[in-house]
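Q: I'd like to ask some things about the structure below.
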Amino acid sequence: MRREQKTRNRTYLLLASMVSFSSLGNVLLSRGMKQVGEIVDFSPLALISVFSKTFTNASVWLGISSLLVFFVSYLLVLSWADLSYVQPASAIGYAMVALLGYLLLGESVSPMRWIGVVFICGGVALVGGTDARTTRSSRECE
Amino acid sequence: MILFIAVVVFAGTAGDLSVSHAMKKIGHVETLRPTSIWNVMLRAFRMGWLWIGIGLMALSFFSLLALLSWADVSIVVPATALSYVTAAFGAKYLLREKVAPLRWAGVFLVCAGVALLSLS
């Protein structure tokens, strides 16, 4: 019973890490690419300059690192939890981004988007009510 | 455009299924100490299925980028919410996960919610 509790806590921890680092990564990448500027000239020389600007940009590297943390969390949680559990559960991130945008940045949220937020929260609650794992793995390790 | 949306959804789903298959083969990771995470990652990145999955995810991602360069975001992004449903089907029939009625209901609600959220 204690082991199950520990596994459940780790599932929530990694889901939280997936949600936070994927949003953070996307925000940082977007900021970095805006600093690099719009690509208007597609000649080889101009593209080389865009490439070197992109890969010397701190935000771009922080963004890539965040997305790497997201991917490792995703892989780790999939080592025990169902894909059909992890994927819908991680959608809570979309609802959180909309809510935080509303609460912290004062963004306006249309009625349709509010319905979307409610649907996502309801869906995640339903999925969260099922067992995270319904298959037996061939071997247990570490 | 429908063809590109199909590539985004199906390649993305196939990528998630492959990666999930690889990690199920590795088995339950019991501790989250940095050294054991590192060892698990070294093992994972030696598995063919993981690389197939990453390749398919990249295909899906670049198709999405291509699509976004000419198609309407408010159609493309909601349509990709379908991947929650295709992933649940794949997980049930290919990964042999048991998708209970409650979980199906949740998957459809999440799919509808993500579509609504990205519509406007």
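Chain identifiers are assigned as A, B, and so on, following the order in which chains appear in the structure tokens; residues are numbered from 1 within each chain, and ligands are numbered from 1 in order of appearance.
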For chain B, report every residue with an atom at most 7 Å from chain A (counting only C-alpha atoms), formatted as a list of chain:residue names.

A: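 In the required form, that comes to B:Ser20, B:Met23, B:Lys24, B:Lys25, B:Ile26, B:Gly27, B:His28, B:Val29, B:Glu30, B:Thr31, B:Tyr84, B:Ala87, B:Ala88, B:Ala91, B:Glu97, B:Lys98, B:Leu102, B:Arg103, B:Ala105, B:Gly106, B:Val107, B:Leu109, B:Val110, B:Ala112, B:Gly113, B:Val114, B:Leu116, B:Leu117.
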
Q: For the helix (DSSP H, G or I) assignment from backbone DSSP, which residues of stretch 9-47 of chain A qualify? Please present them as a ChimeraX atom specification.

A: /A:9-36,44-47

Q: Those residues you just picked out, can you put them in a file as a PDB file, in the first residue's frame with C-alpha atoms?

A:
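Okay, this is what ended up in part.pdb:
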```
ATOM      1  CA  ASN A   9       3.048  10.774  -5.781  1.00  0.00           C
ATOM      2  CA  ARG A  10       5.810  10.257  -8.328  1.00  0.00           C
ATOM      3  CA  THR A  11       3.229  10.161 -11.136  1.00  0.00           C
ATOM      4  CA  TYR A  12       1.837  13.534 -10.010  1.00  0.00           C
ATOM      5  CA  LEU A  13       5.333  14.972  -9.562  1.00  0.00           C
ATOM      6  CA  LEU A  14       6.385  14.003 -13.092  1.00  0.00           C
ATOM      7  CA  LEU A  15       3.095  15.190 -14.624  1.00  0.00           C
ATOM      8  CA  ALA A  16       3.616  18.557 -12.914  1.00  0.00           C
ATOM      9  CA  SER A  17       7.171  18.669 -14.243  1.00  0.00           C
ATOM     10  CA  MET A  18       5.949  17.834 -17.799  1.00  0.00           C
ATOM     11  CA  VAL A  19       3.318  20.569 -17.722  1.00  0.00           C
ATOM     12  CA  SER A  20       5.607  23.250 -16.247  1.00  0.00           C
ATOM     13  CA  PHE A  21       8.664  22.577 -18.383  1.00  0.00           C
ATOM     14  CA  SER A  22       6.782  22.246 -21.678  1.00  0.00           C
ATOM     15  CA  SER A  23       5.035  25.613 -21.192  1.00  0.00           C
ATOM     16  CA  LEU A  24       8.246  27.240 -19.936  1.00  0.00           C
ATOM     17  CA  GLY A  25      10.193  25.784 -22.871  1.00  0.00           C
ATOM     18  CA  ASN A  26       7.697  27.060 -25.435  1.00  0.00           C
ATOM     19  CA  VAL A  27       7.646  30.547 -23.906  1.00  0.00           C
ATOM     20  CA  LEU A  28      11.460  30.727 -23.858  1.00  0.00           C
ATOM     21  CA  LEU A  29      11.807  29.447 -27.432  1.00  0.00           C
ATOM     22  CA  SER A  30       9.224  31.915 -28.625  1.00  0.00           C
ATOM     23  CA  ARG A  31      11.020  34.776 -26.820  1.00  0.00           C
ATOM     24  CA  GLY A  32      14.356  33.678 -28.260  1.00  0.00           C
ATOM     25  CA  MET A  33      13.057  33.473 -31.826  1.00  0.00           C
ATOM     26  CA  LYS A  34      11.465  36.907 -31.515  1.00  0.00           C
ATOM     27  CA  GLN A  35      14.862  38.272 -30.454  1.00  0.00           C
ATOM     28  CA  VAL A  36      16.403  36.612 -33.511  1.00  0.00           C
ATOM     29  CA  PRO A  44      22.076  30.591 -47.858  1.00  0.00           C
ATOM     30  CA  LEU A  45      24.203  33.388 -46.372  1.00  0.00           C
ATOM     31  CA  ALA A  46      21.243  34.961 -44.569  1.00  0.00           C
ATOM     32  CA  LEU A  47      20.148  31.549 -43.253  1.00  0.00           C
TER      33      LEU A  47
END
```

Q: Can you tell me, as a list in words, what residues are no more than 8 Å from B:Leu67 when counting only C-alpha atoms, ignoring any on the same chain fewer than 5 positions away?

A: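 With the cut-off at 8 Å, the set is Met1, Phe4, Ile5 and Val76 of chain B.
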
Q: Residues as selected, N, CA, C and O atoms, written as a PDB file, in the first residue's frame, can you do that?

A:
```pdb
ATOM      1  N   MET B   1      -4.813  19.943 -47.325  1.00  0.00           N
ATOM      2  CA  MET B   1      -4.686  20.338 -45.911  1.00  0.00           C
ATOM      3  C   MET B   1      -5.085  19.190 -44.986  1.00  0.00           C
ATOM      4  O   MET B   1      -4.438  18.944 -43.984  1.00  0.00           O
ATOM      5  N   PHE B   4      -2.288  16.848 -44.580  1.00  0.00           N
ATOM      6  CA  PHE B   4      -1.271  17.305 -43.628  1.00  0.00           C
ATOM      7  C   PHE B   4      -1.748  17.143 -42.184  1.00  0.00           C
ATOM      8  O   PHE B   4      -0.980  16.742 -41.313  1.00  0.00           O
ATOM      9  N   ILE B   5      -3.025  17.452 -41.936  1.00  0.00           N
ATOM     10  CA  ILE B   5      -3.556  17.275 -40.580  1.00  0.00           C
ATOM     11  C   ILE B   5      -3.469  15.803 -40.186  1.00  0.00           C
ATOM     12  O   ILE B   5      -3.075  15.468 -39.064  1.00  0.00           O
ATOM     13  N   VAL B  76      -6.339  24.420 -37.733  1.00  0.00           N
ATOM     14  CA  VAL B  76      -5.299  23.409 -37.595  1.00  0.00           C
ATOM     15  C   VAL B  76      -5.158  22.929 -36.148  1.00  0.00           C
ATOM     16  O   VAL B  76      -5.182  21.733 -35.874  1.00  0.00           O
TER      17      VAL B  76
END
```

Q: What gap, in Å, lies between atom CA of B:Ala14 and atom CA of A:Ser66?

A: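 So the two atoms, atom CA of B:Ala14 and atom CA of A:Ser66, lie 23.6 Å apart.
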